[in-house]
file query16.pdb (PDB, C-alpha atoms)
ATOM      1  CA  MET A   1     -10.841  -7.486 -15.596  1.00  0.00           C
ATOM      2  CA  SER A   2     -13.564  -6.009 -13.424  1.00  0.00           C
ATOM      3  CA  GLY A   3     -13.080  -5.308  -9.755  1.00  0.00           C
ATOM      4  CA  SER A   4     -15.053  -8.409  -8.790  1.00  0.00           C
ATOM      5  CA  ALA A   5     -13.043 -10.594 -11.149  1.00  0.00           C
ATOM      6  CA  ALA A   6      -9.774  -9.256  -9.836  1.00  0.00           C
ATOM      7  CA  MET A   7     -10.871 -10.099  -6.317  1.00  0.00           C
ATOM      8  CA  ARG A   8     -10.323 -13.757  -7.120  1.00  0.00           C
ATOM      9  CA  SER A   9      -7.177 -14.728  -8.985  1.00  0.00           C
ATOM     10  CA  ARG A  10      -7.491 -17.591 -11.452  1.00  0.00           C
ATOM     11  CA  HIS A  11      -5.438 -19.989  -9.341  1.00  0.00           C
ATOM     12  CA  SER A  12      -6.447 -18.719  -5.928  1.00  0.00           C
ATOM     13  CA  SER A  13      -7.201 -21.077  -3.063  1.00  0.00           C
ATOM     14  CA  VAL A  14      -8.217 -18.134  -0.900  1.00  0.00           C
ATOM     15  CA  ARG A  15     -11.979 -17.711  -0.628  1.00  0.00           C
ATOM     16  CA  TRP A  16     -12.730 -14.030  -0.500  1.00  0.00           C
ATOM     17  CA  TRP A  17     -15.600 -12.355   1.293  1.00  0.00           C
ATOM     18  CA  THR A  18     -18.299 -11.492  -1.244  1.00  0.00           C
ATOM     19  CA  PRO A  19     -20.367  -8.398  -0.370  1.00  0.00           C
ATOM     20  CA  THR A  20     -23.328  -9.530  -2.487  1.00  0.00           C
ATOM     21  CA  THR A  21     -23.785 -12.768  -0.535  1.00  0.00           C
ATOM     22  CA  GLY A  22     -22.338 -11.810   2.812  1.00  0.00           C
ATOM     23  CA  THR A  23     -20.525 -15.149   3.042  1.00  0.00           C
ATOM     24  CA  ARG A  24     -17.160 -15.334   4.720  1.00  0.00           C
ATOM     25  CA  THR A  25     -14.786 -18.257   5.161  1.00  0.00           C
ATOM     26  CA  SER A  26     -11.318 -18.420   6.640  1.00  0.00           C
ATOM     27  CA  PHE A  27      -8.356 -20.229   5.126  1.00  0.00           C
ATOM     28  CA  ARG A  28      -5.312 -22.023   6.463  1.00  0.00           C
ATOM     29  CA  MET A  29      -2.213 -19.851   6.231  1.00  0.00           C
ATOM     30  CA  SER A  30      -0.276 -22.692   4.590  1.00  0.00           C
ATOM     31  CA  GLU A  31      -2.866 -23.006   1.801  1.00  0.00           C
ATOM     32  CA  ARG A  32      -3.156 -19.430   0.667  1.00  0.00           C
ATOM     33  CA  ASN A  33      -1.650 -18.248  -2.596  1.00  0.00           C
ATOM     34  CA  ALA A  34       0.851 -15.457  -2.123  1.00  0.00           C
ATOM     35  CA  MET A  35       3.513 -13.437  -3.917  1.00  0.00           C
ATOM     36  CA  PRO A  36       7.031 -12.334  -2.906  1.00  0.00           C
ATOM     37  CA  LEU A  37       7.102  -8.671  -1.923  1.00  0.00           C
ATOM     38  CA  ALA A  38      10.310  -8.099  -3.888  1.00  0.00           C
ATOM     39  CA  GLU A  39       8.644  -9.281  -7.110  1.00  0.00           C
ATOM     40  CA  CYS A  40       5.607  -7.067  -6.553  1.00  0.00           C
ATOM     41  CA  TYR A  41       7.808  -4.049  -5.925  1.00  0.00           C
ATOM     42  CA  ARG A  42       9.917  -4.761  -9.021  1.00  0.00           C
ATOM     43  CA  GLN A  43       6.766  -4.776 -11.128  1.00  0.00           C
ATOM     44  CA  LEU A  44       5.564  -1.511  -9.612  1.00  0.00           C
ATOM     45  CA  VAL A  45       8.961   0.177  -9.984  1.00  0.00           C
ATOM     46  CA  GLU A  46       8.851  -0.666 -13.704  1.00  0.00           C
ATOM     47  CA  LEU A  47       5.438   1.004 -14.050  1.00  0.00           C
ATOM     48  CA  ARG A  48       6.151   3.995 -11.838  1.00  0.00           C
ATOM     49  CA  ARG A  49       6.296   7.385 -13.518  1.00  0.00           C
ATOM     50  CA  ASP A  50       6.490  10.358 -11.169  1.00  0.00           C
ATOM     51  CA  GLU A  51       4.290   9.082  -8.344  1.00  0.00           C
ATOM     52  CA  LEU A  52       4.974  10.259  -4.827  1.00  0.00           C
ATOM     53  CA  VAL A  53       5.308   7.249  -2.536  1.00  0.00           C
ATOM     54  CA  VAL A  54       4.635   6.919   1.196  1.00  0.00           C
ATOM     55  CA  THR A  55       5.584   3.687   2.967  1.00  0.00           C
ATOM     56  CA  SER A  56       4.687   2.409   6.409  1.00  0.00           C
ATOM     57  CA  ALA A  57       7.228   1.271   8.975  1.00  0.00           C
ATOM     58  CA  GLY A  58       9.247  -1.912   8.636  1.00  0.00           C
ATOM     59  CA  THR A  59       9.461  -4.187   5.626  1.00  0.00           C
ATOM     60  CA  ALA A  60       7.257  -1.969   3.453  1.00  0.00           C
ATOM     61  CA  SER A  61       9.847   0.807   3.711  1.00  0.00           C
ATOM     62  CA  GLY A  62      13.047  -1.214   3.593  1.00  0.00           C
ATOM     63  CA  GLU A  63      12.062  -3.275   0.569  1.00  0.00           C
ATOM     64  CA  TRP A  64      10.768  -0.258  -1.371  1.00  0.00           C
ATOM     65  CA  TYR A  65      14.086   1.499  -0.872  1.00  0.00           C
ATOM     66  CA  ALA A  66      15.972  -1.654  -1.924  1.00  0.00           C
ATOM     67  CA  ARG A  67      13.999  -1.854  -5.191  1.00  0.00           C
ATOM     68  CA  SER A  68      13.588   1.850  -6.022  1.00  0.00           C
ATOM     69  CA  ILE A  69      16.732   3.439  -4.514  1.00  0.00           C
ATOM     70  CA  ASP A  70      14.618   6.579  -4.217  1.00  0.00           C
ATOM     71  CA  LEU A  71      15.482   9.162  -1.590  1.00  0.00           C
ATOM     72  CA  ASP A  72      13.576  12.137  -3.003  1.00  0.00           C
ATOM     73  CA  ALA A  73      10.074  11.194  -4.199  1.00  0.00           C
ATOM     74  CA  SER A  74       9.514   8.493  -1.563  1.00  0.00           C
ATOM     75  CA  PHE A  75       8.861   9.194   2.106  1.00  0.00           C
ATOM     76  CA  TYR A  76       9.694   6.319   4.443  1.00  0.00           C
ATOM     77  CA  LEU A  77       7.469   6.687   7.490  1.00  0.00           C
ATOM     78  CA  GLN A  78       9.670   4.497   9.659  1.00  0.00           C
ATOM     79  CA  ALA A  79       8.794   5.613  13.160  1.00  0.00           C
ATOM     80  CA  SER A  80       5.044   4.992  13.269  1.00  0.00           C
ATOM     81  CA  MET A  81       2.503   2.287  12.513  1.00  0.00           C
ATOM     82  CA  GLY A  82      -0.927   2.895  11.018  1.00  0.00           C
ATOM     83  CA  MET A  83      -0.292   6.442   9.808  1.00  0.00           C
ATOM     84  CA  ALA A  84       1.039   6.006   6.256  1.00  0.00           C
ATOM     85  CA  SER A  85      -2.430   6.117   4.725  1.00  0.00           C
ATOM     86  CA  MET A  86      -3.285   9.376   6.512  1.00  0.00           C
ATOM     87  CA  PHE A  87       0.025  10.912   5.423  1.00  0.00           C
ATOM     88  CA  GLY A  88      -0.666   9.828   1.848  1.00  0.00           C
ATOM     89  CA  LEU A  89      -4.264  11.028   1.956  1.00  0.00           C
ATOM     90  CA  GLY A  90      -3.222  14.485   3.122  1.00  0.00           C
ATOM     91  CA  LEU A  91      -0.563  14.607   0.432  1.00  0.00           C
ATOM     92  CA  ALA A  92      -3.036  13.605  -2.293  1.00  0.00           C
ATOM     93  CA  ILE A  93      -5.547  16.247  -1.193  1.00  0.00           C
ATOM     94  CA  SER A  94      -2.910  18.976  -0.840  1.00  0.00           C
ATOM     95  CA  VAL A  95      -1.233  18.276  -4.192  1.00  0.00           C
ATOM     96  CA  PRO A  96      -4.099  17.106  -6.441  1.00  0.00           C
ATOM     97  CA  GLU A  97      -1.953  17.164  -9.581  1.00  0.00           C
ATOM     98  CA  ALA A  98       0.386  14.551  -8.069  1.00  0.00           C
ATOM     99  CA  ARG A  99      -0.174  10.818  -8.200  1.00  0.00           C
ATOM    100  CA  VAL A 100       0.305   9.269  -4.760  1.00  0.00           C
ATOM    101  CA  TRP A 101       0.967   5.650  -3.834  1.00  0.00           C
ATOM    102  CA  VAL A 102       0.761   4.432  -0.242  1.00  0.00           C
ATOM    103  CA  PHE A 103       2.330   1.098   0.703  1.00  0.00           C
ATOM    104  CA  ASP A 104       0.761   0.027   3.982  1.00  0.00           C
ATOM    105  CA  GLY A 105       1.759  -3.118   5.825  1.00  0.00           C
ATOM    106  CA  ASP A 106      -1.258  -5.095   6.970  1.00  0.00           C
ATOM    107  CA  GLY A 107       0.167  -5.133  10.485  1.00  0.00           C
ATOM    108  CA  ALA A 108       0.245  -1.340  10.333  1.00  0.00           C
ATOM    109  CA  LEU A 109      -3.267  -1.079   8.918  1.00  0.00           C
ATOM    110  CA  VAL A 110      -4.780  -3.147  11.730  1.00  0.00           C
ATOM    111  CA  MET A 111      -3.461  -0.533  14.170  1.00  0.00           C
ATOM    112  CA  ASN A 112      -5.563   2.167  12.498  1.00  0.00           C
ATOM    113  CA  PRO A 113      -8.376   0.588  10.446  1.00  0.00           C
ATOM    114  CA  GLY A 114     -10.604   3.601  11.045  1.00  0.00           C
ATOM    115  CA  ALA A 115      -8.427   5.497   8.578  1.00  0.00           C
ATOM    116  CA  LEU A 116     -10.301   3.688   5.808  1.00  0.00           C
ATOM    117  CA  LEU A 117     -13.484   5.560   6.717  1.00  0.00           C
ATOM    118  CA  THR A 118     -11.712   8.866   6.175  1.00  0.00           C
ATOM    119  CA  GLU A 119     -10.238   7.645   2.897  1.00  0.00           C
ATOM    120  CA  ALA A 120     -13.640   6.490   1.669  1.00  0.00           C
ATOM    121  CA  GLU A 121     -15.158   9.880   2.483  1.00  0.00           C
ATOM    122  CA  ALA A 122     -12.397  11.871   0.764  1.00  0.00           C
ATOM    123  CA  ALA A 123     -11.664   9.415  -2.085  1.00  0.00           C
ATOM    124  CA  PRO A 124      -9.107  11.598  -3.897  1.00  0.00           C
ATOM    125  CA  PRO A 125      -8.754  10.325  -7.479  1.00  0.00           C
ATOM    126  CA  ASN A 126      -4.967  10.633  -7.371  1.00  0.00           C
ATOM    127  CA  LEU A 127      -4.470   8.184  -4.471  1.00  0.00           C
ATOM    128  CA  ILE A 128      -3.772   4.442  -4.642  1.00  0.00           C
ATOM    129  CA  HIS A 129      -3.558   2.623  -1.315  1.00  0.00           C
ATOM    130  CA  PHE A 130      -1.721  -0.717  -1.418  1.00  0.00           C
ATOM    131  CA  VAL A 131      -2.093  -3.127   1.497  1.00  0.00           C
ATOM    132  CA  LEU A 132       0.867  -5.515   1.788  1.00  0.00           C
ATOM    133  CA  ALA A 133      -0.866  -8.489   3.377  1.00  0.00           C
ATOM    134  CA  ASN A 134       1.725 -10.981   4.567  1.00  0.00           C
ATOM    135  CA  ARG A 135      -0.403 -11.780   7.634  1.00  0.00           C
ATOM    136  CA  ALA A 136       2.501 -11.129   9.993  1.00  0.00           C
ATOM    137  CA  TYR A 137       4.854  -8.543  11.448  1.00  0.00           C
ATOM    138  CA  GLY A 138       7.775  -9.192   9.123  1.00  0.00           C
ATOM    139  CA  ALA A 139      10.172  -6.717  10.717  1.00  0.00           C
ATOM    140  CA  THR A 140       9.949  -8.472  14.099  1.00  0.00           C
ATOM    141  CA  GLY A 141      10.457 -12.062  12.995  1.00  0.00           C
ATOM    142  CA  GLY A 142       7.238 -12.908  11.179  1.00  0.00           C
ATOM    143  CA  LEU A 143       4.891 -13.163  14.158  1.00  0.00           C
ATOM    144  CA  PRO A 144       1.241 -13.260  13.028  1.00  0.00           C
ATOM    145  CA  TYR A 145      -1.066 -10.600  14.377  1.00  0.00           C
ATOM    146  CA  VAL A 146      -4.376 -11.441  16.043  1.00  0.00           C
ATOM    147  CA  ASN A 147      -6.931 -13.147  13.743  1.00  0.00           C
ATOM    148  CA  ALA A 148      -4.483 -12.977  10.825  1.00  0.00           C
ATOM    149  CA  ALA A 149      -5.921 -16.050   9.095  1.00  0.00           C
ATOM    150  CA  ARG A 150      -9.460 -14.664   8.952  1.00  0.00           C
ATOM    151  CA  VAL A 151      -9.225 -10.933   8.340  1.00  0.00           C
ATOM    152  CA  GLU A 152     -10.067 -10.007   4.743  1.00  0.00           C
ATOM    153  CA  PHE A 153      -8.811  -6.575   3.858  1.00  0.00           C
ATOM    154  CA  GLN A 154     -10.812  -6.158   0.676  1.00  0.00           C
ATOM    155  CA  GLY A 155     -14.024  -6.888   2.578  1.00  0.00           C
ATOM    156  CA  LEU A 156     -12.988  -4.398   5.246  1.00  0.00           C
ATOM    157  CA  ALA A 157     -12.477  -1.727   2.598  1.00  0.00           C
ATOM    158  CA  ARG A 158     -15.851  -2.323   0.984  1.00  0.00           C
ATOM    159  CA  ALA A 159     -17.564  -2.279   4.362  1.00  0.00           C
ATOM    160  CA  CYS A 160     -15.975   1.143   4.954  1.00  0.00           C
ATOM    161  CA  GLY A 161     -17.456   2.440   1.698  1.00  0.00           C
ATOM    162  CA  ILE A 162     -14.507   2.118  -0.678  1.00  0.00           C
ATOM    163  CA  ASP A 163     -15.813   1.302  -4.152  1.00  0.00           C
ATOM    164  CA  ARG A 164     -12.761   0.442  -6.242  1.00  0.00           C
ATOM    165  CA  VAL A 165     -11.146  -2.540  -4.536  1.00  0.00           C
ATOM    166  CA  TYR A 166      -8.786  -5.145  -6.002  1.00  0.00           C
ATOM    167  CA  ALA A 167      -6.910  -8.091  -4.515  1.00  0.00           C
ATOM    168  CA  PHE A 168      -4.113 -10.151  -6.042  1.00  0.00           C
ATOM    169  CA  ASP A 169      -2.326 -13.280  -4.893  1.00  0.00           C
ATOM    170  CA  ASP A 170      -0.760 -14.342  -8.217  1.00  0.00           C
ATOM    171  CA  MET A 171       2.064 -12.538 -10.035  1.00  0.00           C
ATOM    172  CA  ALA A 172       0.742 -13.370 -13.505  1.00  0.00           C
ATOM    173  CA  ASP A 173      -2.583 -11.749 -12.672  1.00  0.00           C
ATOM    174  CA  LEU A 174      -0.878  -8.723 -11.155  1.00  0.00           C
ATOM    175  CA  ARG A 175       1.323  -8.206 -14.212  1.00  0.00           C
ATOM    176  CA  ALA A 176      -1.657  -8.580 -16.548  1.00  0.00           C
ATOM    177  CA  GLU A 177      -3.995  -6.195 -14.740  1.00  0.00           C
ATOM    178  CA  ILE A 178      -2.073  -3.571 -12.793  1.00  0.00           C
ATOM    179  CA  GLY A 179      -1.352  -1.347 -15.797  1.00  0.00           C
ATOM    180  CA  LYS A 180      -5.060  -1.245 -16.635  1.00  0.00           C
ATOM    181  CA  ILE A 181      -5.866  -0.246 -13.077  1.00  0.00           C
ATOM    182  CA  PHE A 182      -3.294   2.563 -13.180  1.00  0.00           C
ATOM    183  CA  ALA A 183      -4.676   3.824 -16.495  1.00  0.00           C
ATOM    184  CA  GLU A 184      -7.869   5.019 -14.812  1.00  0.00           C
ATOM    185  CA  ARG A 185      -7.447   7.966 -12.455  1.00  0.00           C
ATOM    186  CA  ARG A 186      -9.619   6.996  -9.494  1.00  0.00           C
ATOM    187  CA  TYR A 187      -9.124   6.423  -5.809  1.00  0.00           C
ATOM    188  CA  THR A 188      -8.156   2.764  -5.580  1.00  0.00           C
ATOM    189  CA  TYR A 189      -7.428   0.237  -2.839  1.00  0.00           C
ATOM    190  CA  ILE A 190      -5.330  -2.808  -3.733  1.00  0.00           C
ATOM    191  CA  VAL A 191      -4.570  -5.799  -1.509  1.00  0.00           C
ATOM    192  CA  LEU A 192      -1.403  -7.729  -2.359  1.00  0.00           C
ATOM    193  CA  GLU A 193      -1.343 -11.153  -0.676  1.00  0.00           C
ATOM    194  CA  LEU A 194       2.319 -11.773   0.146  1.00  0.00           C
ATOM    195  CA  THR A 195       4.470 -14.581   1.431  1.00  0.00           C
ATOM    196  CA  ALA A 196       5.264 -14.254   5.135  1.00  0.00           C
ATOM    197  CA  GLU A 197       8.967 -13.541   4.774  1.00  0.00           C
ATOM    198  CA  HIS A 198      10.934 -11.852   7.494  1.00  0.00           C
ATOM    199  CA  GLY A 199      14.355 -10.281   7.736  1.00  0.00           C
ATOM    200  CA  LEU A 200      13.662  -8.107   4.660  1.00  0.00           C
ATOM    201  CA  HIS A 201      14.664  -4.772   6.097  1.00  0.00           C
ATOM    202  CA  SER A 202      17.168  -2.745   4.072  1.00  0.00           C
ATOM    203  CA  GLU A 203      18.605   0.267   5.833  1.00  0.00           C
ATOM    204  CA  ILE A 204      17.454   3.637   4.521  1.00  0.00           C
ATOM    205  CA  PRO A 205      20.489   5.948   4.610  1.00  0.00           C
ATOM    206  CA  LEU A 206      18.648   9.030   5.868  1.00  0.00           C
ATOM    207  CA  ASP A 207      17.320  10.032   9.243  1.00  0.00           C
ATOM    208  CA  SER A 208      13.808  11.429   9.557  1.00  0.00           C
ATOM    209  CA  VAL A 209      14.897  15.076   9.518  1.00  0.00           C
ATOM    210  CA  GLU A 210      16.875  14.715   6.297  1.00  0.00           C
ATOM    211  CA  GLN A 211      14.021  12.729   4.759  1.00  0.00           C
ATOM    212  CA  LYS A 212      11.629  15.561   5.539  1.00  0.00           C
ATOM    213  CA  PHE A 213      13.741  18.142   3.763  1.00  0.00           C
ATOM    214  CA  ARG A 214      14.572  16.012   0.721  1.00  0.00           C
ATOM    215  CA  PHE A 215      10.992  14.887   0.171  1.00  0.00           C
ATOM    216  CA  VAL A 216       9.387  18.289   0.641  1.00  0.00           C
ATOM    217  CA  ARG A 217      12.005  20.031  -1.499  1.00  0.00           C
ATOM    218  CA  HIS A 218      11.229  17.504  -4.236  1.00  0.00           C
ATOM    219  CA  VAL A 219       7.497  18.268  -3.969  1.00  0.00           C
ATOM    220  CA  GLU A 220       8.230  22.004  -4.117  1.00  0.00           C
ATOM    221  CA  ARG A 221      10.368  21.630  -7.254  1.00  0.00           C
ATOM    222  CA  ALA A 222       8.165  19.092  -9.035  1.00  0.00           C
ATOM    223  CA  PHE A 223       4.844  20.834  -8.437  1.00  0.00           C
ATOM    224  CA  GLY A 224       5.786  24.493  -8.059  1.00  0.00           C
ATOM    225  CA  ARG A 225       4.655  24.680  -4.446  1.00  0.00           C
ATOM    226  CA  THR A 226       6.027  26.544  -1.471  1.00  0.00           C
ATOM    227  CA  VAL A 227       5.771  24.331   1.588  1.00  0.00           C
ATOM    228  CA  PHE A 228       8.627  25.415   3.849  1.00  0.00           C
ATOM    229  CA  ASN A 229       9.404  28.897   5.008  1.00  0.00           C
ATOM    230  CA  ARG A 230      13.061  29.897   5.194  1.00  0.00           C
ATOM    231  CA  TRP A 231      13.430  28.160   8.567  1.00  0.00           C
ATOM    232  CA  GLY A 232      12.185  24.849   7.240  1.00  0.00           C
ATOM    233  CA  TYR A 233       8.723  24.887   8.831  1.00  0.00           C
TER     234      TYR A 233
END
call {"tool": "encode", "arguments": {"input": "query16.pdb", "output": "structure tokens"}}
result
Amino acid sequence: MSGSAAMRSRHSSVRWWTPTTGTRTSFRMSERNAMPLAECYRQLVELRRDELVVTSAGTASGEWYARSIDLDASFYLQASMGMASMFGLGLAISVPEARVWVFDGDGALVMNPGALLTEAEAAPPNLIHFVLANRAYGATGGLPYVNAARVEFQGLARACGIDRVYAFDDMADLRAEIGKIFAERRYTYIVLELTAEHGLHSEIPLDSVEQKFRFVRHVERAFGRTVFNRWGY
């Protein structure tokens, strides 16, 4: 499936922004097709090889830990919003032989949309940026953010200069196409339209300091790098 075909799932009631025509239409939140985050993560865990993962604060982190039980090759950026993509971008540039996945909540992305301009400029081929678009702040009770029903994250990415953009709102389409997308090593931006669940927030049994050491030590071992000096800096 081409990028343009993947932008519209077969059964989608969501009308996407089309760069070639410039048309844009909003949709009612109750009408949009969407997928459960847990199912999307299960599919991605099955396909994961040795990718380094960075997750944004809230549900994106808690659910990834619940599905992956990974405390070494995943970094849970729990204390900030809007910075996961920049963390992942720096990681991808610094360790070009690694494959890096970023899971960014849409509520986090809207706090730092300018990061997409930097990503588009750098476009490291080993980075895949997932946007988890549930149209709400799931960790705080499912409150929608401003203009949630109209913002179109794939259109935003293309307007920022990102070429390889996909969007999915149907699990059958995601299962059929995601492996093909992963097979090509290119900088990629993928929007996952998700159901607006809340209360999905598994506890990650590490504090930020321990996370830092475990994650960086894993990178050092896996890729033969020296990151820390003997004092851990």
call {"tool": "resolve_selection", "arguments": {"input": "query16.pdb", "expression": "the PyMOL selection byres ((chain A and resi 115) around 12)", "output": "number ranges by chain"}}
result
A: 82-90, 104, 108-114, 116-123, 129, 156-157, 160-162
call {"tool": "closest_residue", "arguments": {"input": "query16.pdb", "among": "A:Ala66, A:Leu47, A:Leu52, A:Ala79", "to": "Ile181 (chain A)", "atoms": "all atoms listed in the file"}}
result
A:Leu47
call {"tool": "closest_residue", "arguments": {"input": "query16.pdb", "among": "A:Leu143, A:Val131, A:Ala176, A:Ala92", "to": "Val191 (chain A)", "atoms": "only C-alpha atoms"}}
result
A:Val131
call {"tool": "atom_distance", "arguments": {"input": "query16.pdb", "atom1": "CA of Leu192 (chain A)", "atom2": "CA of Glu177 (chain A)"}}
result
12.7 Å
call {"tool": "closest_residue", "arguments": {"input": "query16.pdb", "among": "A:Lys212, A:Arg158, A:Arg49, A:Arg186", "to": "Asn126 (chain A)", "atoms": "only C-alpha atoms"}}
result
A:Arg186
call {"tool": "resolve_selection", "arguments": {"input": "query16.pdb", "expression": "the PyMOL selection byres ((chain A and resi 62) around 12)", "output": "JSON, numbers by chain"}}
result
{"A": [37, 38, 41, 54, 55, 56, 57, 58, 59, 60, 61, 63, 64, 65, 66, 67, 68, 69, 70, 71, 74, 75, 76, 77, 78, 103, 105, 138, 139, 198, 199, 200, 201, 202, 203, 204, 205, 206]}
call {"tool": "atom_distance", "arguments": {"input": "query16.pdb", "atom1": "CA of Ala172 (chain A)", "atom2": "CA of Pro144 (chain A)"}}
result
26.5 Å
call {"tool": "resolve_selection", "arguments": {"input": "query16.pdb", "expression": "the PyMOL selection byres ((chain A and resi 95) around 12)", "output": "ChimeraX atom specification"}}
result
/A:51-52,88-94,96-100,124-127,216,219-220,222-227
call {"tool": "atom_distance", "arguments": {"input": "query16.pdb", "atom1": "CA of Val165 (chain A)", "atom2": "CA of Ile190 (chain A)"}}
result
5.9 Å
call {"tool": "residues_around", "arguments": {"input": "query16.pdb", "residues": "region 194-196 of chain A", "least_positions_apart": "5", "cutoff": "10 Å", "atoms": "all atoms listed in the file", "output": "number ranges by chain"}}
result
A: 29-30, 32-40, 131-138, 141-144, 168-170
